[in-house]
Amino acid sequence: RVLQSEYNDQILFGLARVSFIGKTFGSRQIWWALEWTGEHCTSVKMFGQLRDCGNAMHEMIGERSFTVTNLAASDMTLDAICERVKRSCDVTDFDLSVESLINAHVEEQKTIEAYFDKQLEKIRLRRMAEEARKRNEERLQRLRQRNAAREKMQPLLEKRKQCWSEMSLPDILADLGKSTMPGWVLFEVDL
């Protein structure tokens, strides 16, 4: 339908791969080329397009089992492709049917899906490792900040310990209420 609606006045080249899978032979892949001329492509335009890109396209497509040409878009069916493979290739050792083609396609889709699932899992694991690394780095940064604050307060604590070792309990409690010891509040209760 896309060929008929969008490219019906052009010549198109393509390379396709079909696979067939069976119980006895496993999977077989066949590469084939497609040269399609639209139904509304005039002879002059067709020869111009073939002259401009035909040889280059044949060279880029390279080796293939066969080439399908001048097949109407409506005739491009799985049965037609299977018949063309039967006529063009040695198919004596495997079953060539639409069913084996569909089975191969389903199997390939499963393999492709498993591959991309594995890739997504790798990405997810990398992200988790990166997030864990960032969390660990943040935790280490907080620990470094705490240690730096402790080291900054260490001389004051040593001075207080020295001072408190020579003081009585009421003097120590009075000293705790000074503004140099943040976080401590001293309440005096009259009884």
# chains A, B, ... in the order shown; residues from 1 in each chain; ligands from 1

$ residues_around --residues "stretch 55-57 of chain A" --least-positions-apart "2" --cutoff "12 Å" --atoms "only C-alpha atoms" --output "ChimeraX atom specification"
/A:11-15,33-35,49-53,59-63

$ select_by_dssp --residues "stretch 82-188 of chain A" --states "helix (DSSP H, G or I)" --output "ChimeraX atom specification"
/A:82-88,98-165,169-176

$ residues_around --residues "stretch 79-88 of chain A" --least-positions-apart "2" --cutoff "12 Å" --atoms "only C-alpha atoms" --output "MDAnalysis selection string"
chainID A and resid 16:20 28:34 64:69 71:77 90:102

$ atom_distance --atom1 "atom CA of A:Thr37" --atom2 "atom CA of A:Gln10"
6.1 Å

$ select_by_dssp --residues "stretch 2-186 of chain A" --states "strand (DSSP E)" --output "number ranges by chain"
A: 11-22, 26-37, 66-69

$ atom_distance --atom1 "atom CA of A:Arg127" --atom2 "atom CA of A:Arg146"
28.5 Å

$ closest_residue --among "A:Leu157, A:Leu140, A:Pro170, A:Ala104" --to "A:Gly26" --atoms "only C-alpha atoms"
A:Ala104
